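Shown next: coords-v9.tsv, given as TSV, C-alpha atoms and all ligand atoms.
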chain	number	residue	atom	x	y	z
A	1	MET	CA	-7.15	17.07	-7.08
A	2	ILE	CA	-7.19	14.13	-4.74
A	3	HIS	CA	-6.74	16.41	-1.76
A	4	HIS	CA	-9.60	18.67	-2.82
A	5	ALA	CA	-11.90	15.69	-3.29
A	6	TYR	CA	-10.81	14.52	0.10
A	7	LEU	CA	-11.71	17.86	1.68
A	8	THR	CA	-15.34	17.35	0.81
A	9	THR	CA	-15.54	13.87	2.30
A	10	ASN	CA	-13.50	14.28	5.44
A	11	LEU	CA	-15.73	14.67	8.47
A	12	ALA	CA	-13.15	15.11	11.16
A	13	MET	CA	-10.20	17.32	10.45
A	14	SER	CA	-8.00	18.64	13.21
A	15	THR	CA	-6.25	21.99	13.21
A	16	ARG	CA	-2.98	20.21	12.68
A	17	ALA	CA	-4.29	18.43	9.58
A	18	CYS	CA	-5.57	21.75	8.26
A	19	ILE	CA	-2.10	23.23	8.67
A	20	LEU	CA	-0.64	20.31	6.76
A	21	LEU	CA	-3.27	20.78	4.07
A	22	LEU	CA	-2.58	24.49	3.77
A	23	ALA	CA	1.03	23.61	3.14
A	24	LEU	CA	-0.19	21.50	0.21
A	25	LEU	CA	-1.86	24.46	-1.44
A	26	THR	CA	1.24	26.65	-1.85
A	27	PRO	CA	3.80	25.33	-4.31
A	28	SER	CA	6.80	26.79	-2.46
A	29	ALA	CA	5.61	25.39	0.86
A	30	GLN	CA	4.98	22.09	-0.87
A	31	ALA	CA	8.51	21.94	-2.24
A	32	GLN	CA	9.93	22.84	1.13
A	33	SER	CA	7.86	20.39	3.11
A	34	ALA	CA	8.61	17.57	0.65
A	35	ALA	CA	12.22	17.97	1.68
A	36	ASP	CA	11.71	17.45	5.38
A	37	ALA	CA	8.25	16.07	6.07
A	38	LEU	CA	5.58	14.04	4.36
A	39	GLN	CA	2.16	15.48	3.65
A	40	PHE	CA	-0.42	13.74	5.76
A	41	VAL	CA	-4.13	14.37	6.04
A	42	GLU	CA	-6.23	13.32	9.02
A	43	ILE	CA	-8.92	10.95	7.70
A	44	ALA	CA	-10.43	10.17	11.12
A	45	PRO	CA	-9.51	11.43	14.61
A	46	GLY	CA	-5.95	10.26	15.25
A	47	VAL	CA	-5.63	8.58	11.84
A	48	TYR	CA	-3.32	10.15	9.27
A	49	LEU	CA	-2.84	9.18	5.64
A	50	ARG	CA	-0.14	10.22	3.18
A	51	HIS	CA	-1.27	9.65	-0.42
A	52	GLY	CA	1.47	8.28	-2.64
A	53	ALA	CA	2.13	9.83	-6.05
A	54	MET	CA	0.26	8.07	-8.87
A	55	GLU	CA	3.54	7.34	-10.67
A	56	VAL	CA	6.33	4.79	-10.79
A	57	ALA	CA	9.19	5.56	-8.39
A	58	ASN	CA	11.59	8.19	-9.76
A	59	ALA	CA	13.94	10.93	-8.60
A	60	GLY	CA	11.16	13.54	-8.97
A	61	ASN	CA	8.76	11.86	-6.55
A	62	ARG	CA	11.65	10.46	-4.43
A	63	GLY	CA	9.95	7.08	-4.46
A	64	HIS	CA	6.99	8.40	-2.45
A	65	ILE	CA	4.37	6.40	-4.33
A	66	ALA	CA	2.62	4.24	-1.71
A	67	ASN	CA	-0.08	5.34	0.71
A	68	LEU	CA	1.28	5.42	4.26
A	69	GLY	CA	-0.58	5.57	7.57
A	70	VAL	CA	-0.01	6.86	11.08
A	71	ILE	CA	-2.43	5.76	13.80
A	72	VAL	CA	-2.26	7.50	17.15
A	73	GLY	CA	-3.67	5.89	20.29
A	74	ASP	CA	-3.82	7.33	23.81
A	75	GLU	CA	-0.42	5.89	24.70
A	76	ARG	CA	1.47	4.94	21.55
A	77	VAL	CA	1.56	5.08	17.77
A	78	ALA	CA	1.63	2.53	14.96
A	79	VAL	CA	2.86	3.33	11.47
A	80	ILE	CA	1.47	1.47	8.46
A	81	ASP	CA	4.16	0.94	5.84
A	82	ALA	CA	7.61	2.45	5.74
A	83	GLY	CA	7.85	4.01	2.29
A	84	GLY	CA	10.28	3.11	-0.47
A	85	SER	CA	13.64	4.19	0.92
A	86	TYR	CA	15.52	4.77	4.15
A	87	ASN	CA	15.05	8.53	3.62
A	88	GLU	CA	11.31	8.20	3.19
A	89	GLY	CA	11.15	6.13	6.39
A	90	LYS	CA	13.13	8.82	8.18
A	91	ALA	CA	10.88	11.60	6.84
A	92	LEU	CA	7.90	9.53	7.97
A	93	LEU	CA	9.25	9.35	11.54
A	94	ASP	CA	9.96	13.10	11.47
A	95	THR	CA	6.36	13.70	10.42
A	96	VAL	CA	5.05	11.51	13.24
A	97	ALA	CA	7.05	13.64	15.69
A	98	ARG	CA	5.23	16.72	14.39
A	99	ILE	CA	1.86	15.03	14.84
A	100	THR	CA	2.38	13.63	18.34
A	101	ASP	CA	4.87	13.31	21.20
A	102	LEU	CA	3.81	9.68	21.78
A	103	PRO	CA	6.33	6.94	20.89
A	104	VAL	CA	6.09	4.83	17.74
A	105	ALA	CA	5.61	1.31	19.11
A	106	TRP	CA	5.34	-0.63	15.86
A	107	LEU	CA	5.96	-0.41	12.14
A	108	ILE	CA	3.43	-2.58	10.32
A	109	VAL	CA	4.67	-3.64	6.88
A	110	THR	CA	1.62	-4.67	4.86
A	111	HIS	CA	3.60	-6.68	2.28
A	112	MET	CA	6.97	-7.07	0.61
A	113	HIS	CA	6.80	-4.49	-2.20
A	114	PRO	CA	9.67	-1.96	-2.15
A	115	ASP	CA	7.47	1.16	-2.05
A	116	HIS	CA	5.90	-0.13	1.19
A	117	ALA	CA	8.76	-2.01	2.84
A	118	LEU	CA	12.14	-0.45	2.07
A	119	GLY	CA	11.91	2.46	4.50
A	120	ALA	CA	12.02	0.03	7.43
A	121	ALA	CA	15.72	0.60	8.17
A	122	ALA	CA	14.85	4.03	9.58
A	123	PHE	CA	12.57	2.33	12.11
A	124	ALA	CA	14.96	-0.54	12.86
A	125	GLU	CA	17.79	1.86	13.76
A	126	ARG	CA	15.53	3.39	16.41
A	127	GLY	CA	14.68	-0.03	17.81
A	128	ILE	CA	11.06	0.08	16.60
A	129	PRO	CA	9.81	-3.49	16.02
A	130	VAL	CA	8.66	-4.38	12.52
A	131	VAL	CA	5.46	-6.42	12.20
A	132	GLY	CA	4.60	-8.44	9.09
A	133	HIS	CA	2.94	-11.52	7.61
A	134	VAL	CA	4.62	-14.80	8.50
A	135	ASN	CA	5.72	-15.14	4.84
A	136	LEU	CA	7.27	-11.66	4.69
A	137	ALA	CA	10.79	-12.56	5.88
A	138	ASP	CA	11.24	-15.28	3.28
A	139	ALA	CA	9.74	-13.13	0.52
A	140	LEU	CA	12.06	-10.20	1.29
A	141	SER	CA	15.15	-12.40	1.77
A	142	ARG	CA	14.71	-13.83	-1.72
A	143	ARG	CA	14.44	-10.38	-3.28
A	144	ARG	CA	17.06	-8.27	-1.46
A	145	ASP	CA	19.09	-7.29	-4.52
A	146	ALA	CA	16.14	-7.36	-6.89
A	147	TYR	CA	14.40	-4.78	-4.71
A	148	VAL	CA	17.23	-2.53	-3.54
A	149	LYS	CA	19.16	-2.12	-6.81
A	150	PRO	CA	16.31	-0.55	-8.83
A	151	VAL	CA	15.66	1.88	-5.96
A	152	ILE	CA	19.30	2.99	-6.07
A	153	GLU	CA	19.04	3.36	-9.86
A	154	ALA	CA	15.79	5.33	-9.67
A	155	LEU	CA	16.58	7.56	-6.68
A	156	GLY	CA	20.36	7.94	-6.70
A	157	ARG	CA	21.70	9.52	-3.50
A	158	ASP	CA	18.17	9.64	-2.13
A	159	ALA	CA	18.39	5.84	-1.77
A	160	ASP	CA	21.35	6.02	0.65
A	161	GLY	CA	20.88	3.75	3.67
A	162	THR	CA	18.11	1.74	2.02
A	163	ARG	CA	18.18	-1.96	2.84
A	164	VAL	CA	15.87	-4.87	3.46
A	165	VAL	CA	14.75	-5.29	7.08
A	166	LEU	CA	13.07	-8.50	8.16
A	167	PRO	CA	10.08	-8.47	10.56
A	168	ASP	CA	10.53	-8.93	14.32
A	169	VAL	CA	6.89	-9.90	14.93
A	170	THR	CA	4.96	-12.14	12.55
A	171	VAL	CA	1.26	-12.73	11.96
A	172	MET	CA	0.03	-16.16	10.91
A	173	PRO	CA	-3.11	-16.91	8.89
A	174	GLY	CA	-6.03	-17.76	11.14
A	175	ARG	CA	-4.34	-16.17	14.15
A	176	ASP	CA	-5.01	-12.43	14.20
A	177	VAL	CA	-2.64	-10.27	16.21
A	178	GLU	CA	-3.93	-7.30	18.21
A	179	LEU	CA	-1.81	-4.22	18.84
A	180	ASP	CA	-3.04	-2.04	21.69
A	181	LEU	CA	-2.25	1.65	21.18
A	182	GLY	CA	-4.16	2.67	24.33
A	183	GLY	CA	-7.88	3.25	23.78
A	184	ARG	CA	-7.45	1.92	20.25
A	185	VAL	CA	-6.81	-1.66	19.18
A	186	LEU	CA	-5.50	-2.66	15.75
A	187	GLN	CA	-6.41	-6.14	14.49
A	188	LEU	CA	-3.81	-7.51	12.11
A	189	ARG	CA	-4.83	-10.36	9.79
A	190	ALA	CA	-2.54	-12.41	7.59
A	191	GLN	CA	-4.37	-12.96	4.30
A	192	PRO	CA	-4.13	-15.97	1.98
A	193	THR	CA	-2.01	-15.41	-1.16
A	194	ALA	CA	-3.56	-12.59	-3.20
A	195	HIS	CA	-1.70	-9.42	-4.30
A	196	THR	CA	1.41	-11.16	-2.89
A	197	ASN	CA	1.87	-14.19	-0.62
A	198	ASN	CA	2.40	-11.88	2.38
A	199	ASP	CA	-0.53	-9.44	2.47
A	200	LEU	CA	-1.57	-8.12	5.87
A	201	THR	CA	-4.76	-6.16	6.62
A	202	VAL	CA	-5.14	-3.80	9.58
A	203	TYR	CA	-8.52	-3.09	11.14
A	204	ASP	CA	-8.71	-0.04	13.37
A	205	THR	CA	-11.54	-0.81	15.79
A	206	LYS	CA	-11.92	2.76	17.04
A	207	ALA	CA	-12.16	4.42	13.62
A	208	ASP	CA	-13.99	1.42	12.06
A	209	LEU	CA	-11.42	1.70	9.29
A	210	LEU	CA	-9.89	-1.23	7.40
A	211	TRP	CA	-6.43	-0.71	5.87
A	212	LEU	CA	-6.30	-2.98	2.82
A	213	SER	CA	-3.03	-1.67	1.45
A	214	ASP	CA	-2.39	-3.18	-2.00
A	215	LEU	CA	-5.27	-5.62	-1.78
A	216	LEU	CA	-7.12	-2.60	-3.16
A	217	PHE	CA	-5.89	-0.19	-5.82
A	218	VAL	CA	-8.04	2.86	-6.53
A	219	GLU	CA	-7.57	4.60	-9.90
A	220	ARG	CA	-4.10	3.03	-10.31
A	221	ILE	CA	-3.97	-0.36	-12.04
A	222	PRO	CA	-3.72	-3.37	-9.66
A	223	VAL	CA	-0.51	-5.41	-9.86
A	224	VAL	CA	-0.70	-9.23	-9.71
A	225	ASP	CA	2.35	-10.61	-7.88
A	226	GLY	CA	0.81	-13.42	-5.82
A	227	SER	CA	-2.18	-15.23	-7.25
A	228	LEU	CA	-4.88	-13.86	-9.55
A	229	LEU	CA	-7.42	-16.47	-8.44
A	230	GLY	CA	-6.31	-16.16	-4.83
A	231	TRP	CA	-6.79	-12.39	-4.98
A	232	LEU	CA	-10.29	-12.77	-6.43
A	233	ALA	CA	-11.16	-15.16	-3.59
A	234	VAL	CA	-9.80	-12.76	-0.95
A	235	LEU	CA	-11.71	-9.83	-2.48
A	236	GLU	CA	-14.91	-11.86	-2.29
A	237	VAL	CA	-14.36	-12.36	1.45
A	238	LEU	CA	-13.28	-8.75	2.04
A	239	SER	CA	-16.31	-7.37	0.25
A	240	GLN	CA	-18.51	-9.07	2.86
A	241	ARG	CA	-16.83	-7.17	5.71
A	242	ASN	CA	-19.03	-4.80	7.61
A	243	VAL	CA	-16.80	-1.73	7.93
A	244	SER	CA	-17.52	1.90	7.18
A	245	ARG	CA	-14.38	2.77	5.23
A	246	VAL	CA	-11.26	1.19	3.77
A	247	VAL	CA	-7.86	2.62	2.85
A	248	PRO	CA	-6.23	1.41	-0.38
A	249	GLY	CA	-2.47	1.00	-0.93
A	250	HIS	CA	-2.60	3.43	-3.85
A	251	GLY	CA	-5.16	6.10	-4.70
A	252	PRO	CA	-7.74	8.01	-2.65
A	253	VAL	CA	-9.97	6.61	0.08
A	254	PRO	CA	-13.08	5.60	-1.86
A	255	THR	CA	-16.44	7.08	-0.87
A	256	ASP	CA	-18.07	3.75	-1.83
A	257	TRP	CA	-15.49	1.11	-0.99
A	258	LYS	CA	-17.57	-1.85	-2.16
A	259	ALA	CA	-17.85	-0.23	-5.58
A	260	ALA	CA	-14.07	0.24	-5.62
A	261	ILE	CA	-13.56	-3.45	-4.85
A	262	ALA	CA	-16.10	-4.40	-7.53
A	263	ARG	CA	-14.23	-2.26	-10.06
A	264	GLN	CA	-10.98	-4.04	-9.26
A	265	GLN	CA	-12.72	-7.45	-9.35
A	266	ASP	CA	-14.01	-6.53	-12.79
A	267	TYR	CA	-10.46	-5.92	-14.05
A	268	LEU	CA	-9.04	-9.09	-12.48
A	269	GLU	CA	-11.94	-11.26	-13.68
A	270	GLY	CA	-11.48	-9.86	-17.19
A	271	LEU	CA	-7.82	-10.84	-16.99
A	272	ALA	CA	-8.67	-14.41	-15.96
A	273	ARG	CA	-11.42	-14.75	-18.55
A	274	GLY	CA	-9.31	-13.39	-21.40
A	275	VAL	CA	-6.21	-15.44	-20.57
A	276	ARG	CA	-8.26	-18.66	-20.23
A	277	GLU	CA	-9.75	-17.96	-23.64
A	278	VAL	CA	-6.29	-17.63	-25.23
A	279	ILE	CA	-5.10	-20.82	-23.52
A	280	ARG	CA	-8.21	-22.74	-24.62
A	281	HIS	CA	-7.40	-21.84	-28.24
A	282	GLY	CA	-3.77	-22.93	-27.89
A	283	GLY	CA	-2.36	-19.40	-27.84
A	284	GLY	CA	0.84	-18.36	-26.06
A	285	ILE	CA	1.86	-15.59	-23.67
A	286	ALA	CA	2.73	-13.11	-26.44
A	287	GLN	CA	-0.71	-13.49	-27.95
A	288	ALA	CA	-2.32	-13.05	-24.54
A	289	VAL	CA	-0.32	-9.88	-23.85
A	290	ALA	CA	-1.28	-8.48	-27.26
A	291	SER	CA	-4.99	-9.11	-26.87
A	292	VAL	CA	-6.29	-9.61	-23.32
A	293	GLY	CA	-7.98	-6.88	-21.31
A	294	LEU	CA	-6.98	-3.93	-23.49
A	295	SER	CA	-10.44	-2.40	-23.31
A	296	ALA	CA	-9.72	-1.52	-19.66
A	297	ARG	CA	-6.87	0.76	-20.74
A	298	ASP	CA	-8.64	4.08	-20.18
A	299	ARG	CA	-9.98	3.00	-16.79
A	300	TRP	CA	-6.63	2.75	-14.94
A	301	GLU	CA	-3.59	4.93	-14.31
A	302	LEU	CA	-0.23	3.33	-15.26
A	303	PHE	CA	-1.99	0.75	-17.44
A	304	ASP	CA	0.86	0.57	-19.96
A	305	GLU	CA	3.42	0.09	-17.19
A	306	TYR	CA	1.75	-2.92	-15.54
A	307	HIS	CA	-1.01	-4.50	-17.60
A	308	GLY	CA	1.30	-6.62	-19.78
A	309	ARG	CA	3.03	-7.92	-16.69
A	310	ASN	CA	-0.34	-8.81	-15.17
A	311	VAL	CA	-1.31	-10.78	-18.27
A	312	THR	CA	2.02	-12.65	-18.15
A	313	ALA	CA	1.52	-13.48	-14.46
A	314	ALA	CA	-2.07	-14.59	-15.12
A	315	PHE	CA	-0.92	-16.80	-17.99
A	316	ALA	CA	1.75	-18.50	-15.87
A	317	GLU	CA	-0.85	-19.19	-13.20
A	318	LEU	CA	-3.68	-20.35	-15.43
A	319	GLU	CA	-1.91	-22.43	-18.08
A	320	TRP	CA	-1.74	-25.43	-15.70
A	321	GLU	CA	-5.38	-25.35	-14.63
B	1	ZN	ZN	2.19	-3.96	-3.62

Would it be possible to restate this file's structure as structure tokens?
Ligand SMILES: [Zn+2]
Amino acid sequence: MIHHAYLTTNLAMSTRACILLLALLTPSAQAQSAADALQFVEIAPGVYLRHGAMEVANAGNRGHIANLGVIVGDERVAVIDAGGSYNEGKALLDTVARITDLPVAWLIVTHMHPDHALGAAAFAERGIPVVGHVNLADALSRRRDAYVKPVIEALGRDADGTRVVLPDVTVMPGRDVELDLGGRVLQLRAQPTAHTNNDLTVYDTKADLLWLSDLLFVERIPVVDGSLLGWLAVLEVLSQRNVSRVVPGHGPVPTDWKAAIARQQDYLEGLARGVREVIRHGGGIAQAVASVGLSARDRWELFDEYHGRNVTAAFAELEWE
């Protein structure tokens, strides 16, 4: 359904993207292409997006749950996020080779989460530098086993070769880094602690497209793993940006991106408000989990999987206010 909705909003679709889309429409072709290539759509000239499955990582979806990007300049290519396993990273590079003959110059890892970061080994073995937030190396180092083991459990043999790769190039807050792809410059910005403490945004100057990764979830419930209040502050700043479109880390590209941010703000503010209320009345975490924010249940995919965890994270953050 997402791809059909996308068809109506996409203004610039190349022949190649059409071919990829046609492959999506036939189940047998879909099964075949899932084995050797990822299904990208061209969302602007030279900009390709693979929508992740709206599920938790499992053997059926092979861990392909995060949105991934390929941006092609006149001289070189940048990839945004590596996918959740070595094999997904490898499939991603194979897909890039079908899109263009130009070399992949950088892998940009938008933050530490396994579904975005753990495919990086496929890039590292080809000598492609990994770019990330200055906090990314520390964040990944602390979580090596915690991240890799569940992937092996969920994906089995499909997780072979998966390991944590630390960034070669880092971006510091207040000091944007520009990557020149030839006729197209990407501006990388290290964000203050929000979804995680290592969120990176990528602004594509040519397409006027801002990649927010997991700073924005569309349809799928947001996951708080950095700071609830920090995230709300960052969203306030982001919503003032003057860009035509944004790409979320999960879910479709929104037709009205400010409305999508407002919808997420609404959920996060409800979380903060509800948890503060429980704390004010002397309640504990269990009470907060059992009562806060449940009215948002039918508004978000995977609510049952993540909402309780969000309330727990919010409680830990807000109880010392
Ligand atoms: Zn994430």

Pick from A:Ile43, A:Leu212, A:Val165, A:Met172, whichever lies nearest to ligand ZN 1 (chain B) using all atoms listed in the file:
A:Leu212

Give me, as a list in words, the set of residues whose atoms come within 8 Å of any atom of ligand ZN 1 (chain B), counting only C-alpha atoms and all ligand atoms.
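I would give the residues around ligand ZN 1 (chain B) as His111, Met112, His113, Pro114, Asp115, His116, His195, Thr196, Ser213, Asp214, Leu215, Val223, Asp225 and Gly249 of chain A.
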
List as a PyMOL selection string the residues having at least one atom at most 12 Å from position (-2.7, -22.4, -13.9) as given in the file, counting only C-alpha atoms.
chain A and resi 227-230+272+275-276+279+312-321

Write out as a PyMOL selection string the residues lying within 10 Å of segment 129-143 of chain A, counting all atoms listed in the file and excluding same-chain residues fewer than 6 positions away.
chain A and resi 79-82+104-114+117-118+120-121+123+164-173+177+188-191+193+196-201

Please measure the separation of atom CA of Val70 of chain A and atom CA of Arg245 of chain A, giving the value in Å to one decimal.
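A separation of 16.0 Å between them.
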
Can you work out the spacing between atom CA of Gly161 of chain A and atom CA of Gly83 of chain A in Å, to one decimal?
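Those two atoms sit 13.1 Å apart.
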
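Using only C-alpha atoms, the nearest neighbour of Gly69 of chain A within the list A:Ala154, A:Val243, A:Ala296, A:Val41 is A:Val41.
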
Just to confirm, what's the straight-line distance from atom CA of Leu49 of chain A to atom CA of Val246 of chain A in Å (one decimal)?
11.8 Å

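Those residues positioned at most 9 Å from (-12.2, -0.4, 23.8) are Gly182, Gly183, Arg184, Val185, Thr205 and Lys206 of chain A, judged using all atoms listed in the file.
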
When distances are computed from all atoms listed in the file, which of A:Val237, A:Val72, A:Ala66, A:Ile221 shows the smallest separation from Gly89 of chain A?
A:Ala66

Minimum-distance residue to Glu153 of chain A, chosen among A:Gly63, A:Pro192, A:Gly293, A:Pro222 (using all atoms listed in the file)
A:Gly63

Rebuild segment 149-170 of chain A to N, CA and C atoms - output it as a tab-separated table (two decimals), in the frame of the given file, please.
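That gives us result.tsv:
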chain	number	residue	atom	x	y	z
A	149	LYS	N	18.43	-2.70	-5.66
A	149	LYS	CA	19.16	-2.12	-6.81
A	149	LYS	C	18.33	-1.15	-7.65
A	150	PRO	N	17.10	-1.51	-8.03
A	150	PRO	CA	16.31	-0.55	-8.83
A	150	PRO	C	16.01	0.74	-8.07
A	151	VAL	N	15.90	0.67	-6.75
A	151	VAL	CA	15.66	1.88	-5.96
A	151	VAL	C	16.88	2.79	-6.04
A	152	ILE	N	18.07	2.20	-5.96
A	152	ILE	CA	19.30	2.99	-6.07
A	152	ILE	C	19.38	3.62	-7.47
A	153	GLU	N	19.01	2.83	-8.48
A	153	GLU	CA	19.04	3.36	-9.86
A	153	GLU	C	18.02	4.49	-10.04
A	154	ALA	N	16.85	4.33	-9.46
A	154	ALA	CA	15.79	5.33	-9.67
A	154	ALA	C	16.01	6.58	-8.83
A	155	LEU	N	16.53	6.43	-7.62
A	155	LEU	CA	16.58	7.56	-6.68
A	155	LEU	C	17.98	8.14	-6.47
A	156	GLY	N	19.01	7.43	-6.89
A	156	GLY	CA	20.36	7.94	-6.70
A	156	GLY	C	20.70	8.10	-5.22
A	157	ARG	N	21.27	9.29	-4.88
A	157	ARG	CA	21.70	9.52	-3.50
A	157	ARG	C	20.54	9.43	-2.51
A	158	ASP	N	19.34	9.68	-3.00
A	158	ASP	CA	18.17	9.64	-2.13
A	158	ASP	C	17.92	8.22	-1.59
A	159	ALA	N	18.58	7.23	-2.21
A	159	ALA	CA	18.39	5.84	-1.77
A	159	ALA	C	19.41	5.44	-0.71
A	160	ASP	N	20.31	6.35	-0.34
A	160	ASP	CA	21.35	6.02	0.65
A	160	ASP	C	20.73	5.43	1.92
A	161	GLY	N	21.34	4.36	2.42
A	161	GLY	CA	20.88	3.75	3.67
A	161	GLY	C	19.76	2.75	3.49
A	162	THR	N	19.25	2.63	2.25
A	162	THR	CA	18.11	1.74	2.02
A	162	THR	C	18.55	0.28	2.02
A	163	ARG	N	17.88	-0.52	2.81
A	163	ARG	CA	18.18	-1.96	2.84
A	163	ARG	C	16.93	-2.71	3.27
A	164	VAL	N	16.98	-4.01	3.05
A	164	VAL	CA	15.87	-4.87	3.46
A	164	VAL	C	15.95	-5.13	4.96
A	165	VAL	N	14.83	-4.97	5.65
A	165	VAL	CA	14.75	-5.29	7.08
A	165	VAL	C	13.67	-6.36	7.26
A	166	LEU	N	14.02	-7.41	7.96
A	166	LEU	CA	13.07	-8.50	8.16
A	166	LEU	C	12.21	-8.24	9.41
A	167	PRO	N	10.99	-8.76	9.43
A	167	PRO	CA	10.08	-8.47	10.56
A	167	PRO	C	10.55	-9.10	11.88
A	168	ASP	N	10.25	-8.42	12.97
A	168	ASP	CA	10.53	-8.93	14.32
A	168	ASP	C	9.33	-9.69	14.88
A	169	VAL	N	8.14	-9.29	14.45
A	169	VAL	CA	6.89	-9.90	14.93
A	169	VAL	C	6.13	-10.38	13.71
A	170	THR	N	5.65	-11.63	13.73
A	170	THR	CA	4.96	-12.14	12.55
A	170	THR	C	3.51	-12.50	12.87
